[in-house]
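Source file: target25.csv; contents: CSV, C-alpha atoms and all ligand atoms.
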chain,number,residue,atom,x,y,z
A,296,MET,CA,33.8,-147.9,26.3
A,297,ASN,CA,32.9,-144.4,25.5
A,298,LEU,CA,31.7,-143.5,22.0
A,299,TYR,CA,34.1,-140.6,22.0
A,300,ARG,CA,37.5,-139.5,23.0
A,301,ILE,CA,39.0,-136.0,23.6
A,302,GLU,CA,41.5,-134.7,21.1
A,303,LYS,CA,42.8,-131.5,19.7
A,304,SER,CA,40.0,-130.2,17.5
A,305,ASN,CA,40.3,-129.6,13.7
A,306,ILE,CA,37.6,-126.9,14.0
A,307,ASP,CA,38.7,-125.0,17.1
A,308,ARG,CA,42.4,-125.1,16.5
A,309,THR,CA,43.2,-123.6,19.9
A,310,GLY,CA,40.9,-126.0,21.7
A,311,ARG,CA,39.7,-129.6,22.0
A,312,GLY,CA,36.9,-131.6,20.5
A,313,LEU,CA,35.3,-135.0,20.8
A,314,TYR,CA,35.9,-137.7,18.2
A,315,ALA,CA,34.0,-140.9,17.6
A,316,THR,CA,35.8,-144.0,18.7
A,317,LYS,CA,33.6,-146.2,16.6
A,318,ASP,CA,30.9,-146.0,14.0
A,319,ILE,CA,27.8,-144.4,15.6
A,320,LYS,CA,24.3,-145.0,14.2
A,321,LYS,CA,22.0,-142.1,13.7
A,322,GLY,CA,19.7,-141.8,16.7
A,323,THR,CA,22.3,-143.1,19.2
A,324,LYS,CA,22.5,-141.2,22.5
A,325,ILE,CA,26.2,-140.4,22.8
A,326,MET,CA,26.5,-138.8,26.2
A,327,ASP,CA,24.7,-136.7,28.9
A,328,TYR,CA,25.1,-133.0,28.9
A,329,ILE,CA,25.5,-132.2,32.5
A,330,GLY,CA,26.1,-129.2,34.7
A,331,ASN,CA,24.6,-127.1,37.4
A,332,ILE,CA,20.9,-126.5,37.4
A,333,ILE,CA,20.3,-122.9,38.2
A,334,THR,CA,17.2,-120.7,38.4
A,335,LYS,CA,16.4,-118.1,35.8
A,336,LYS,CA,16.9,-115.5,38.5
A,337,GLN,CA,20.5,-116.7,39.0
A,338,THR,CA,21.1,-116.5,35.3
A,339,GLU,CA,19.8,-112.9,35.2
A,340,VAL,CA,22.0,-111.6,38.0
A,341,SER,CA,25.1,-113.6,37.1
A,342,GLU,CA,27.9,-111.7,35.3
A,343,LYS,CA,28.9,-115.0,33.8
A,344,PHE,CA,25.9,-114.9,31.5
A,345,ASP,CA,26.3,-111.3,30.5
A,346,ASN,CA,27.0,-112.4,27.0
A,347,THR,CA,24.0,-112.5,24.8
A,348,LYS,CA,25.2,-115.8,23.4
A,349,PRO,CA,26.2,-118.0,26.3
A,350,ILE,CA,27.3,-121.2,24.6
A,351,TYR,CA,26.9,-123.5,27.6
A,352,LEU,CA,23.6,-122.2,29.0
A,353,PHE,CA,20.5,-124.2,28.2
A,354,ASN,CA,16.9,-123.3,28.8
A,355,LEU,CA,15.3,-126.3,30.7
A,356,ASN,CA,11.9,-124.8,31.4
A,357,THR,CA,10.3,-121.6,32.6
A,358,ARG,CA,12.1,-121.8,36.0
A,359,TYR,CA,15.5,-123.4,35.4
A,360,ASP,CA,18.5,-123.2,33.1
A,361,LEU,CA,21.4,-125.6,32.9
A,362,ASP,CA,24.9,-124.2,33.2
A,363,GLY,CA,27.1,-126.7,31.3
A,364,ASP,CA,30.3,-124.6,31.7
A,365,VAL,CA,31.8,-127.0,34.3
A,366,SER,CA,34.9,-129.1,34.0
A,367,TRP,CA,33.1,-132.4,34.5
A,368,ASN,CA,30.8,-131.7,31.6
A,369,THR,CA,32.8,-133.3,28.7
A,370,ALA,CA,30.0,-132.6,26.3
A,371,ARG,CA,30.9,-128.9,26.5
A,372,LEU,CA,33.9,-129.7,24.3
A,373,ILE,CA,31.7,-130.4,21.3
A,374,ASN,CA,32.3,-127.8,18.7
A,375,HIS,CA,29.7,-126.1,16.4
A,376,SER,CA,29.5,-127.1,12.8
A,377,CYS,CA,27.3,-125.9,10.0
A,378,SER,CA,26.9,-129.6,9.1
A,379,ASN,CA,26.6,-130.9,12.6
A,380,ASN,CA,26.3,-134.6,13.1
A,381,CYS,CA,24.9,-134.4,16.7
A,382,ASP,CA,22.2,-132.4,18.4
A,383,TYR,CA,21.1,-131.6,21.9
A,384,GLU,CA,18.0,-133.3,23.2
A,385,GLY,CA,16.3,-133.0,26.5
A,386,LYS,CA,13.4,-134.0,28.8
A,387,GLY,CA,12.6,-132.5,32.1
A,388,LEU,CA,15.8,-131.4,33.7
A,389,LYS,CA,18.0,-133.8,31.7
A,390,LEU,CA,19.9,-133.0,28.6
A,391,TRP,CA,22.0,-135.3,26.3
A,392,VAL,CA,23.7,-135.4,23.0
A,393,ILE,CA,22.3,-137.6,20.2
A,394,ALA,CA,23.7,-138.5,16.8
A,395,ILE,CA,21.5,-137.0,14.0
A,396,LYS,CA,23.5,-138.7,11.2
A,397,ASP,CA,25.5,-141.9,10.9
A,398,ILE,CA,28.9,-141.0,12.2
A,399,LYS,CA,32.1,-142.7,11.2
A,400,LYS,CA,34.8,-143.7,13.5
A,401,GLY,CA,37.3,-140.8,13.8
A,402,GLU,CA,34.9,-138.1,12.9
A,403,GLU,CA,34.6,-135.1,15.1
A,404,LEU,CA,31.3,-134.8,16.9
A,405,THR,CA,29.6,-131.5,16.2
A,406,CYS,CA,26.4,-129.7,17.2
A,407,ASP,CA,24.5,-126.6,16.1
A,408,TYR,CA,25.0,-124.0,18.9
A,409,GLY,CA,21.7,-122.4,17.9
A,410,PHE,CA,22.9,-118.8,17.9
A,411,GLY,CA,20.4,-116.5,16.4
A,412,TYR,CA,21.2,-113.9,13.8
A,413,ASP,CA,21.8,-110.4,15.2
A,414,ALA,CA,24.1,-107.4,15.0
A,415,ASP,CA,27.1,-109.1,16.5
A,416,TYR,CA,27.1,-112.3,14.6
A,417,LYS,CA,30.5,-111.5,13.1
A,418,GLN,CA,32.0,-111.9,16.5
A,419,PHE,CA,31.5,-115.6,16.2
A,420,PRO,CA,33.3,-116.9,13.0
A,421,CYS,CA,32.8,-120.5,12.1
A,422,LYS,CA,35.7,-122.6,10.9
A,423,CYS,CA,34.0,-125.9,10.6
A,424,GLY,CA,35.2,-126.2,7.0
A,425,SER,CA,32.0,-128.0,5.8
A,426,ILE,CA,30.6,-127.4,2.4
A,427,ASN,CA,27.6,-125.9,4.1
A,428,CYS,CA,29.7,-123.4,6.2
A,429,VAL,CA,28.1,-120.0,6.3
A,430,GLY,CA,31.3,-118.5,7.9
A,431,TYR,CA,29.7,-117.7,11.3
A,432,ILE,CA,28.2,-119.6,14.1
A,433,ILE,CA,24.5,-119.1,13.4
A,434,ARG,CA,21.7,-121.7,13.8
A,435,GLU,CA,20.6,-123.5,10.7
A,436,GLY,CA,17.3,-121.7,10.4
A,437,SER,CA,18.9,-118.2,10.3
A,438,ARG,CA,21.8,-118.8,7.9
A,439,TRP,CA,19.8,-117.5,4.9
A,440,ARG,CA,20.1,-114.0,6.5
A,441,VAL,CA,23.9,-114.1,6.0
A,442,ASN,CA,24.2,-115.9,2.7
A,443,LYS,CA,21.5,-116.2,0.1
A,444,LYS,CA,22.6,-119.6,-0.9
A,445,PHE,CA,20.9,-120.9,2.3
A,446,LYS,CA,17.2,-121.0,1.7
A,447,LYS,CA,14.9,-120.3,4.6
A,448,THR,CA,13.8,-123.8,5.1
A,449,GLN,CA,16.9,-125.7,3.9
A,450,ARG,CA,17.4,-128.9,5.8
A,451,ALA,CA,19.5,-130.6,3.1
A,452,ASN,CA,22.4,-131.4,5.5
A,453,ARG,CA,20.2,-133.5,7.8
B,1,ZN,ZN,30.6,-123.5,9.6

Could I get this structure in the form of structure tokens?
Ligand SMILES: [Zn+2]
Amino acid sequence: MNLYRIEKSNIDRTGRGLYATKDIKKGTKIMDYIGNIITKKQTEVSEKFDNTKPIYLFNLNTRYDLDGDVSWNTARLINHSCSNNCDYEGKGLKLWVIAIKDIKKGEELTCDYGFGYDADYKQFPCKCGSINCVGYIIREGSRWRVNKKFKKTQRANR
């Protein structure tokens, strides 16, 4: 049985999300993050990755990226949250999603998309609704730039 099921998301109201089908212990590997392994050169020349913040593109090593924007990659449905309960982990050319907190049955699985702070951050509003929400999709370590209540090294939500 999968640890998750696909449902309409509470965070991305126009889209879908993944929900825990049972209690999941912190440290549990939930699913693989799969896609097409492409070279950095392909990434550079592809119009698909014209955006400075490609959500589904992961840096694997100095030569290869992983393009997770494919229909068979269910993990791409995981939404960003400022109090994420999952994170991406990887080794070699493999990526997966791991629980970084104990997750209760019925909770939506969320990750930190890792977007940096830059001039266009306002294009990516965050509607995660968590008490820690900074209002925009920005990685944890950069949220202090948007809201002073976030200290540079705050890790309180982990
Ligand atoms: Zn948020």

Can you work out which residues are within 9 Å of ligand ZN 1 (chain B), considering all atoms listed in the file, and then hand them over as a PyMOL selection string?
chain A and resi 306+375-379+420-433

Residues within 9 Å of Lys335 (chain A), please, as a list of chain:residue names. Count only C-alpha atoms; anything in the same chain fewer than 4 positions from it doesn't count.
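Once the adjacent positions are removed, what remains is A:Glu339, A:Val340, A:Asn354, A:Thr357, A:Arg358, A:Tyr359, A:Asp360.
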
Closest to Asn380 (chain A) among A:Glu435, A:Glu342, A:Asp407, A:Glu302, using only C-alpha atoms?
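When distances to Asn380 (chain A) are compared using only C-alpha atoms, the smallest one comes from A:Asp407.
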
Up to 10 Å from (24.1, -113.3, 16.1) in the file's coordinates: name the residues, counting only C-alpha atoms, as a ChimeraX atom specification.
/A:347-348,409-419,431-434,437

Identify, on the basis of only C-alpha atoms, every residue whose closest approach to Glu384 (chain A) does not exceed 10 Å; exclude the query and any residue fewer than 3 positions from it along the same chain; express the result as a list of chain:residue names.
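With the cut-off at 10 Å, the set is A:Lys324, A:Asp327, A:Tyr328, A:Cys381, A:Lys389, A:Leu390, A:Trp391, A:Val392, A:Ile393.
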
Nearest to Trp367 (chain A), restricted to all atoms listed in the file and choosing among A:Thr405, A:Asn331, A:Asn442, A:Asn297, comes out as A:Asn331

Could you name the residues that touch Arg311 (chain A) at 10 Å or less, counting all atoms listed in the file, but leaving out those on the same chain fewer than 5 positions away, as a ChimeraX atom specification?
/A:301-306,371-374

Here is a test: counting all atoms listed in the file, which residue of A:Tyr299, A:Tyr383, A:Tyr314, A:Phe344 is nearest to Glu403 (chain A)?
A:Tyr314

With all atoms listed in the file as the basis for distance, which of A:Arg300, A:Lys446, A:Arg438, A:Lys320 is at the shortest distance from Thr369 (chain A)?
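The shortest atom-to-atom distance to Thr369 (chain A) comes from A:Arg300.
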
As an exercise, work out the distance from CA of Ile398 (chain A) to CA of Thr316 (chain A) in Å and give it to one decimal place.
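Straight-line distance from CA of Ile398 (chain A) to CA of Thr316 (chain A) works out to 9.9 Å.
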
Interatomic distance between CA of Leu313 (chain A) and CA of Ile333 (chain A)?
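Pair CA of Leu313 (chain A) / CA of Ile333 (chain A) returns 26.0 Å.
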
Between CA of Asp318 (chain A) and CA of Cys406 (chain A), measure the distance and give it in Å to one decimal.
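Atom-to-atom, CA of Asp318 (chain A) to CA of Cys406 (chain A), that is 17.2 Å.
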